[in-house]
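Everything below belongs to my_file-v1.txt, which stores compact mmCIF, C-alpha atoms and all ligand atoms.
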```
# COMPACT_ATOMS: atom_id res chain seq x y z
CA MET A 1 12.95 25.68 -22.33
CA PHE A 2 14.05 23.83 -19.24
CA HIS A 3 10.46 23.09 -18.36
CA THR A 4 9.80 21.63 -21.80
CA PHE A 5 12.87 19.44 -21.54
CA LYS A 6 11.91 18.26 -18.07
CA ARG A 7 8.43 17.37 -19.26
CA TYR A 8 9.84 15.45 -22.22
CA VAL A 9 12.09 13.43 -19.93
CA LEU A 10 9.24 12.71 -17.52
CA VAL A 11 6.85 11.65 -20.26
CA SER A 12 9.54 9.33 -21.62
CA SER A 13 9.95 7.89 -18.15
CA VAL A 14 6.21 7.33 -17.91
CA LEU A 15 6.17 5.36 -21.15
CA LEU A 16 9.10 3.31 -19.94
CA LEU A 17 7.44 2.68 -16.59
CA ALA A 18 4.17 1.75 -18.24
CA ALA A 19 6.00 -0.72 -20.42
CA CYS A 20 7.60 -2.55 -17.51
CA GLY A 21 4.87 -2.80 -14.89
CA THR A 22 5.57 -5.41 -12.25
CA VAL A 23 3.29 -7.84 -10.51
CA GLN A 24 3.73 -7.62 -6.76
CA GLN A 25 2.35 -9.53 -3.78
CA THR A 26 1.39 -6.79 -1.32
CA THR A 27 -0.39 -8.80 1.37
CA VAL A 28 -0.45 -12.42 2.56
CA SER A 29 -2.64 -14.84 4.54
CA SER A 30 -5.93 -12.95 4.48
CA ALA A 31 -8.64 -14.82 6.40
CA THR A 32 -11.26 -13.06 4.28
CA GLY A 33 -9.94 -14.21 0.91
CA VAL A 34 -8.08 -11.17 -0.46
CA THR A 35 -5.76 -12.75 -3.03
CA ARG A 36 -6.13 -10.64 -6.21
CA ALA A 37 -2.87 -10.21 -8.17
CA GLN A 38 -1.82 -6.58 -8.52
CA LYS A 39 0.28 -4.78 -11.11
CA PHE A 40 2.26 -1.60 -10.54
CA SER A 41 4.01 0.61 -13.10
CA ILE A 42 4.98 3.46 -10.74
CA PRO A 43 7.88 2.63 -8.38
CA ALA A 44 6.95 2.61 -4.68
CA ALA A 45 9.93 4.74 -3.62
CA GLN A 46 8.94 7.56 -5.98
CA PHE A 47 5.22 7.41 -5.22
CA ASN A 48 5.63 7.15 -1.46
CA ALA A 49 8.19 9.98 -1.25
CA ALA A 50 5.91 12.36 -3.13
CA SER A 51 2.95 11.31 -1.01
CA ALA A 52 4.94 11.82 2.21
CA ASN A 53 5.63 15.40 1.07
CA ALA A 54 1.95 15.96 0.41
CA TYR A 55 1.04 14.57 3.85
CA MET A 56 3.58 16.75 5.66
CA SER A 57 2.28 19.81 3.78
CA LEU A 58 -1.27 18.86 4.76
CA LEU A 59 -0.31 18.68 8.44
CA GLY A 60 1.64 21.94 8.22
CA SER A 61 -1.31 23.75 6.72
CA ALA A 62 -3.71 22.21 9.24
CA LYS A 63 -1.48 23.39 12.08
CA GLN A 64 -1.36 26.94 10.66
CA GLN A 65 -5.16 26.96 10.50
CA GLY A 66 -5.39 25.71 14.09
CA VAL A 67 -7.23 22.48 13.17
CA LEU A 68 -4.49 19.88 13.81
CA ASN A 69 -5.11 17.54 16.75
CA THR A 70 -6.82 20.33 18.70
CA ASP A 71 -9.16 18.00 20.63
CA LYS A 72 -6.66 16.23 22.88
CA VAL A 73 -9.17 13.67 24.22
CA LEU A 74 -10.40 12.73 20.75
CA THR A 75 -6.85 12.58 19.33
CA LYS A 76 -5.72 10.26 22.15
CA ARG A 77 -8.76 8.03 21.62
CA VAL A 78 -8.14 7.74 17.85
CA ARG A 79 -4.43 7.06 18.40
CA LEU A 80 -5.05 4.30 20.95
CA ILE A 81 -7.49 2.54 18.64
CA THR A 82 -5.23 2.97 15.60
CA ALA A 83 -2.19 1.66 17.51
CA ARG A 84 -4.07 -1.54 18.37
CA LEU A 85 -5.00 -2.01 14.69
CA VAL A 86 -1.49 -1.26 13.42
CA GLN A 87 -0.12 -3.97 15.74
CA GLN A 88 -2.11 -6.50 13.68
CA ALA A 89 -1.07 -5.19 10.24
CA PRO A 90 2.10 -7.35 9.98
CA VAL A 91 -0.08 -10.48 10.09
CA LEU A 92 -1.31 -9.46 6.65
CA ARG A 93 1.79 -7.64 5.46
CA PRO A 94 5.02 -8.40 7.37
CA ASP A 95 7.03 -5.38 6.14
CA SER A 96 4.34 -2.98 7.44
CA GLY A 97 5.81 -3.50 10.93
CA ASN A 98 8.54 -1.04 9.87
CA TRP A 99 6.23 1.56 8.35
CA PRO A 100 6.15 5.10 9.80
CA TRP A 101 2.47 4.83 10.83
CA GLN A 102 0.87 8.02 12.09
CA VAL A 103 -2.62 9.44 12.41
CA ALA A 104 -3.85 13.03 12.73
CA VAL A 105 -7.30 14.30 13.71
CA LEU A 106 -8.33 17.36 11.69
CA SER A 107 -11.10 19.55 13.13
CA SER A 108 -13.75 19.70 10.43
CA ASP A 109 -17.41 18.78 9.97
CA GLU A 110 -16.55 16.71 6.92
CA LEU A 111 -17.27 12.99 6.99
CA ASN A 112 -14.08 11.44 5.74
CA ALA A 113 -10.80 9.74 6.56
CA ALA A 114 -7.82 8.71 4.46
CA CYS A 115 -4.60 6.75 4.55
CA TYR A 116 -1.69 7.78 2.38
CA PRO A 117 1.00 5.27 1.37
CA ASP A 118 3.25 4.03 4.21
CA GLY A 119 0.45 4.38 6.75
CA LYS A 120 0.11 8.16 7.08
CA MET A 121 -3.53 8.73 8.01
CA PHE A 122 -5.98 11.44 8.92
CA ILE A 123 -9.58 11.49 10.05
CA TYR A 124 -11.92 14.47 10.21
CA SER A 125 -13.38 15.03 13.67
CA GLY A 126 -16.86 15.39 12.13
CA LEU A 127 -16.94 11.73 11.15
CA ILE A 128 -16.67 10.77 14.82
CA THR A 129 -18.69 13.55 16.46
CA ARG A 130 -21.52 13.86 13.92
CA LEU A 131 -22.05 10.11 13.66
CA LYS A 132 -21.37 9.54 17.39
CA LEU A 133 -19.04 6.66 16.53
CA THR A 134 -18.23 4.02 19.13
CA ASP A 135 -14.64 2.77 19.52
CA ASP A 136 -15.62 -0.35 17.54
CA GLU A 137 -16.90 1.83 14.68
CA ILE A 138 -13.81 4.07 14.66
CA ALA A 139 -11.78 0.85 14.44
CA GLN A 140 -13.73 -0.13 11.32
CA VAL A 141 -12.99 3.25 9.66
CA MET A 142 -9.29 3.11 10.48
CA GLY A 143 -9.03 -0.61 9.66
CA HIS A 144 -10.53 0.13 6.25
CA GLU A 145 -8.04 2.95 5.62
CA ILE A 146 -5.08 0.87 6.85
CA SER A 147 -6.14 -1.83 4.39
CA HIS A 148 -6.06 0.59 1.44
CA ALA A 149 -2.44 1.33 2.43
CA LEU A 150 -1.45 -2.32 2.94
CA ARG A 151 -2.80 -3.19 -0.50
CA GLU A 152 -1.21 0.00 -2.00
CA HIS A 153 -4.47 0.83 -3.74
CA SER A 154 -3.40 4.44 -4.42
CA ARG A 155 -0.27 3.38 -6.26
CA GLU A 156 -2.13 0.65 -8.08
CA GLY A 157 -4.87 3.10 -9.12
CA ALA A 158 -2.33 5.66 -10.31
CA SER A 159 -0.48 2.94 -12.23
CA GLN A 160 -3.72 1.92 -13.92
CA GLN A 161 -4.31 5.49 -15.03
CA GLN A 162 -1.07 5.32 -17.05
CA ASN A 163 -1.59 8.99 -17.57
CA SER A 164 1.52 11.03 -18.21
CA ASN A 165 -0.01 14.20 -16.80
CA LEU A 166 -0.80 12.31 -13.63
CA LEU A 167 2.79 11.26 -13.09
CA VAL A 168 4.21 14.63 -14.07
CA GLY A 169 1.85 16.11 -11.48
CA LEU A 170 2.92 13.49 -8.98
CA LEU A 171 6.58 14.37 -9.33
CA ASP A 172 5.83 18.08 -9.04
CA VAL A 173 3.54 17.63 -6.07
CA ALA A 174 5.63 19.38 -3.43
CA GLY A 175 5.56 22.58 -5.47
CA GLN A 176 1.84 22.28 -6.12
CA VAL A 177 0.91 21.70 -2.51
CA ALA A 178 2.65 24.90 -1.46
CA GLY A 179 0.14 26.86 -3.58
CA TYR A 180 -2.98 25.53 -1.84
CA LYS A 181 -4.74 27.05 1.15
CA GLY A 182 -7.55 25.12 2.84
CA VAL A 183 -7.23 21.66 4.35
CA GLY A 184 -9.97 20.40 2.03
CA ASP A 185 -8.04 21.76 -0.96
CA LEU A 186 -4.88 20.08 0.27
CA ALA A 187 -6.60 16.76 0.53
CA ASN A 188 -7.84 17.35 -3.01
CA VAL A 189 -4.27 17.78 -4.26
CA GLY A 190 -3.85 14.15 -3.30
CA ALA A 191 -6.84 13.32 -5.49
CA GLN A 192 -5.38 15.22 -8.43
CA VAL A 193 -2.03 13.51 -8.35
CA GLY A 194 -3.11 10.04 -7.44
CA PHE A 195 -2.69 9.47 -3.67
CA ASN A 196 -6.35 9.86 -3.04
CA LEU A 197 -8.09 9.02 -6.29
CA PRO A 198 -11.58 7.69 -5.78
CA PHE A 199 -11.02 3.99 -5.17
CA ASN A 200 -12.76 1.54 -7.46
CA ARG A 201 -15.23 -1.09 -6.32
CA ALA A 202 -12.62 -3.86 -6.22
CA HIS A 203 -10.45 -1.71 -3.95
CA GLU A 204 -13.40 -0.89 -1.71
CA THR A 205 -14.38 -4.53 -1.37
CA GLU A 206 -10.81 -5.50 -0.44
CA ALA A 207 -10.54 -2.68 2.11
CA ASP A 208 -13.84 -3.80 3.66
CA GLN A 209 -12.67 -7.41 3.82
CA MET A 210 -9.24 -6.69 5.23
CA GLY A 211 -10.40 -3.83 7.47
CA ILE A 212 -12.97 -5.88 9.34
CA GLU A 213 -10.37 -8.65 9.74
CA ILE A 214 -7.72 -6.31 11.19
CA ALA A 215 -10.30 -4.83 13.56
CA ALA A 216 -11.42 -8.31 14.68
CA ARG A 217 -7.82 -9.41 15.26
CA ALA A 218 -7.37 -6.28 17.42
CA GLY A 219 -10.47 -7.16 19.47
CA TYR A 220 -13.01 -4.82 17.88
CA ASN A 221 -16.55 -6.05 17.29
CA PRO A 222 -17.07 -6.89 13.59
CA ASP A 223 -20.79 -6.02 13.79
CA ALA A 224 -19.68 -2.38 14.04
CA ALA A 225 -18.82 -2.38 10.31
CA ALA A 226 -22.46 -2.65 9.22
CA SER A 227 -23.62 -0.19 11.91
CA LEU A 228 -20.99 2.31 10.77
CA TRP A 229 -22.33 2.18 7.19
CA ARG A 230 -25.92 2.51 8.39
CA LYS A 231 -24.97 5.69 10.30
CA MET A 232 -23.01 7.01 7.32
CA GLN A 233 -25.92 6.53 4.94
CA ALA A 234 -28.46 8.01 7.35
CA GLU A 235 -26.32 11.13 7.86
CA SER A 236 -25.48 11.65 4.22
CA GLY A 237 -28.93 11.00 2.75
CA ALA A 238 -28.58 9.47 -0.69
CA GLY A 239 -24.95 8.46 -0.22
CA GLY A 240 -23.54 11.92 -0.88
CA SER A 241 -20.97 12.15 1.92
CA ASP A 242 -17.34 13.05 1.35
CA PHE A 243 -16.43 9.52 2.35
CA PHE A 244 -18.61 8.07 -0.39
CA SER A 245 -17.01 10.40 -2.94
CA THR A 246 -13.58 8.84 -2.36
CA HIS A 247 -14.95 5.42 -1.29
CA PRO A 248 -17.69 4.47 -3.76
CA SER A 249 -20.25 2.16 -2.22
CA SER A 250 -22.28 -0.68 -3.65
CA SER A 251 -25.89 -1.47 -2.84
CA ASP A 252 -25.00 -4.82 -1.30
CA ARG A 253 -22.18 -3.47 0.85
CA GLN A 254 -24.01 -3.87 4.15
CA ALA A 255 -25.01 -7.44 3.34
CA ASN A 256 -21.39 -8.20 2.48
CA LEU A 257 -20.20 -6.63 5.72
CA ALA A 258 -22.68 -8.71 7.73
CA ALA A 259 -21.40 -11.89 6.06
CA LEU A 260 -17.79 -10.82 6.64
CA ALA A 261 -18.57 -10.23 10.33
CA ASP A 262 -19.52 -13.90 10.65
CA THR A 263 -16.30 -14.94 8.88
CA VAL A 264 -14.03 -13.00 11.23
CA ARG A 265 -16.03 -13.50 14.45
CA PRO A 266 -13.77 -16.36 15.63
CA LEU A 267 -10.76 -13.99 15.35
CA TYR A 268 -12.64 -11.40 17.43
CA VAL A 269 -13.67 -13.93 20.08
CA SER A 270 -10.12 -15.23 20.32
CA ALA A 271 -8.68 -11.69 20.58
CA LYS A 272 -11.13 -10.83 23.38
CA LYS A 273 -9.98 -13.87 25.38
CA LYS A 274 -6.35 -12.69 25.31
ZN ZN B 301 -12.23 2.88 0.95
```
Rewrite the structure from the file as structure tokens, please.
Ligand SMILES: [Zn+2]
Amino acid sequence: MFHTFKRYVLVSSVLLLAACGTVQQTTVSSATGVTRAQKFSIPAAQFNAASANAYMSLLGSAKQQGVLNTDKVLTKRVRLITARLVQQAPVLRPDSGNWPWQVAVLSSDELNAACYPDGKMFIYSGLITRLKLTDDEIAQVMGHEISHALREHSREGASQQQNSNLLVGLLDVAGQVAGYKGVGDLANVGAQVGFNLPFNRAHETEADQMGIEIAARAGYNPDAAASLWRKMQAESGAGGSDFFSTHPSSSDRQANLAALADTVRPLYVSAKKK
């Protein structure tokens, strides 16, 4: 009875939210031309609070399984690179200077990384060790993920779904997460409730554009973006890696990245001089 009532109220809220979606300027002054107008029908406070719960549950489960930040050297390396990138984020989104940025390294052979709303990130160790990533290439991965967060692609994607079950699931997420076991399953909970839906091509293109720019501003070589994708494709054969499942690729992605590298090279050269 109570459950039915709760669902009725939530579905009503969804319809109301869908009816009054707002246009919001998430980022500013992109040197790579990211200016697309975005519309959101799920409030940020609600979405980000639920996603923070999911992230904390993910870390808790990873710790229990003994896979959270176990490689101290690798964790320190990822954190140093990410900190340099995060320093540049306010150039593109001023309020991100106050975000609770954090990154965890999860021991797993999977090839993936993700950034939840508010800058809560994780990367699987396998992405770095299996592909033998350089610091410049790690910076491209993390810059790409940071960009998804700055542009709030998860919340935008969930808003576009306008799916009442999705939002009901989102609001119940803390309870759901408690029922899952493996780290992979936990990450998938995010997919089910909208934090980690497969991004669409427009989102991927924006994250590529903004990611390579952030990395260049932080002094990381923009040519590493194309080399990262070459390694990713070689390792995953016909594009079947975990990363490609949540980050759909296009056939001209490498050509686009090469062109973007030329666009942001002056930012990289100037950052290296400092
Ligand atoms: Zn992506």
For the point (-11.7, 17.8, 11.4) in the file's frame, write as a short mmCIF file (atom, residue, chain, number, x, y, z; two decimals) with C-alpha atoms, in the frame of the given file all residues with an atom no more than 8 Å away, counting all atoms listed in the file.
```
data_model
loop_
_atom_site.label_atom_id
_atom_site.label_comp_id
_atom_site.auth_asym_id
_atom_site.auth_seq_id
_atom_site.Cartn_x
_atom_site.Cartn_y
_atom_site.Cartn_z
CA VAL A 67 -7.23 22.48 13.17
CA LEU A 68 -4.49 19.88 13.81
CA VAL A 105 -7.30 14.30 13.71
CA LEU A 106 -8.33 17.36 11.69
CA SER A 107 -11.10 19.55 13.13
CA SER A 108 -13.75 19.70 10.43
CA ASP A 109 -17.41 18.78 9.97
CA GLU A 110 -16.55 16.71 6.92
CA ILE A 123 -9.58 11.49 10.05
CA TYR A 124 -11.92 14.47 10.21
CA SER A 125 -13.38 15.03 13.67
CA GLY A 126 -16.86 15.39 12.13
#
```
- Message: Report, in Å to a single decimal, how far apart CA of His203 (chain A) and CA of Phe40 (chain A) are.
- Response: 14.3 Å
- Item | Of the listed residues A:Thr129, A:Asn200, A:Ser51, A:Thr22, that which approaches ligand ZN 301 (chain B) most closely, counting only C-alpha atoms and all ligand atoms |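 Ranked by minimum distance to ligand ZN 301 (chain B), first place goes to A:Asn200.
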- Task: Give me the residues within 9 Å of region 72-75 of chain A as a PyMOL selection string, counting only C-alpha atoms and dropping any in the same chain fewer than 2 places off.
- Result: chain A and resi 69-70+77-80+103-105+125+128
- Interatomic distance (Å, one decimal) between CA of Pro222 (chain A) and CA of Gln254 (chain A):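 Calculated distance between CA of Pro222 (chain A) and CA of Gln254 (chain A) is 12.1 Å.
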- Task: Using all atoms listed in the file, pick whichever of A:Asp223, A:Glu213, A:Asp262, A:Asp135 has the shortest atom-to-atom distance to Ser29 (chain A).
- Result: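 Closest candidate: A:Glu213.
Comparing A:Arg265, A:Lys39, A:Lys63, A:Lys120 by their smallest distance to His148 (chain A), the closest is A:Lys120 (using only C-alpha atoms).
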Identify, on the basis of only C-alpha atoms, every residue whose closest approach to Ala44 (chain A) does not exceed 9 Å; exclude the query and any residue fewer than 2 positions from it along the same chain; express the result as an mmCIF file with C-alpha atoms, in the frame of the given file.
```cif
data_model
loop_
_atom_site.group_PDB
_atom_site.id
_atom_site.type_symbol
_atom_site.label_atom_id
_atom_site.label_comp_id
_atom_site.auth_asym_id
_atom_site.auth_seq_id
_atom_site.Cartn_x
_atom_site.Cartn_y
_atom_site.Cartn_z
ATOM 1 C CA PHE A 40 2.260 -1.600 -10.540
ATOM 2 C CA ILE A 42 4.980 3.460 -10.740
ATOM 3 C CA GLN A 46 8.940 7.560 -5.980
ATOM 4 C CA PHE A 47 5.220 7.410 -5.220
ATOM 5 C CA ASN A 48 5.630 7.150 -1.460
ATOM 6 C CA ALA A 49 8.190 9.980 -1.250
ATOM 7 C CA PRO A 117 1.000 5.270 1.370
ATOM 8 C CA GLU A 152 -1.210 0.000 -2.000
ATOM 9 C CA ARG A 155 -0.270 3.380 -6.260
#
```
- Counting all atoms listed in the file, closest pick from A:Thr27, A:Gly219, A:Lys274, A:Ala224 relative to Thr134 (chain A) is A:Ala224
- Query: When distances are computed from only C-alpha atoms and all ligand atoms, which of A:Ile214, A:Leu133, A:Ala113, A:Ala45 shows the smallest separation from ligand ZN 301 (chain B)?
  - Reply: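 Result for the nearest residue to ligand ZN 301 (chain B): A:Ala113.
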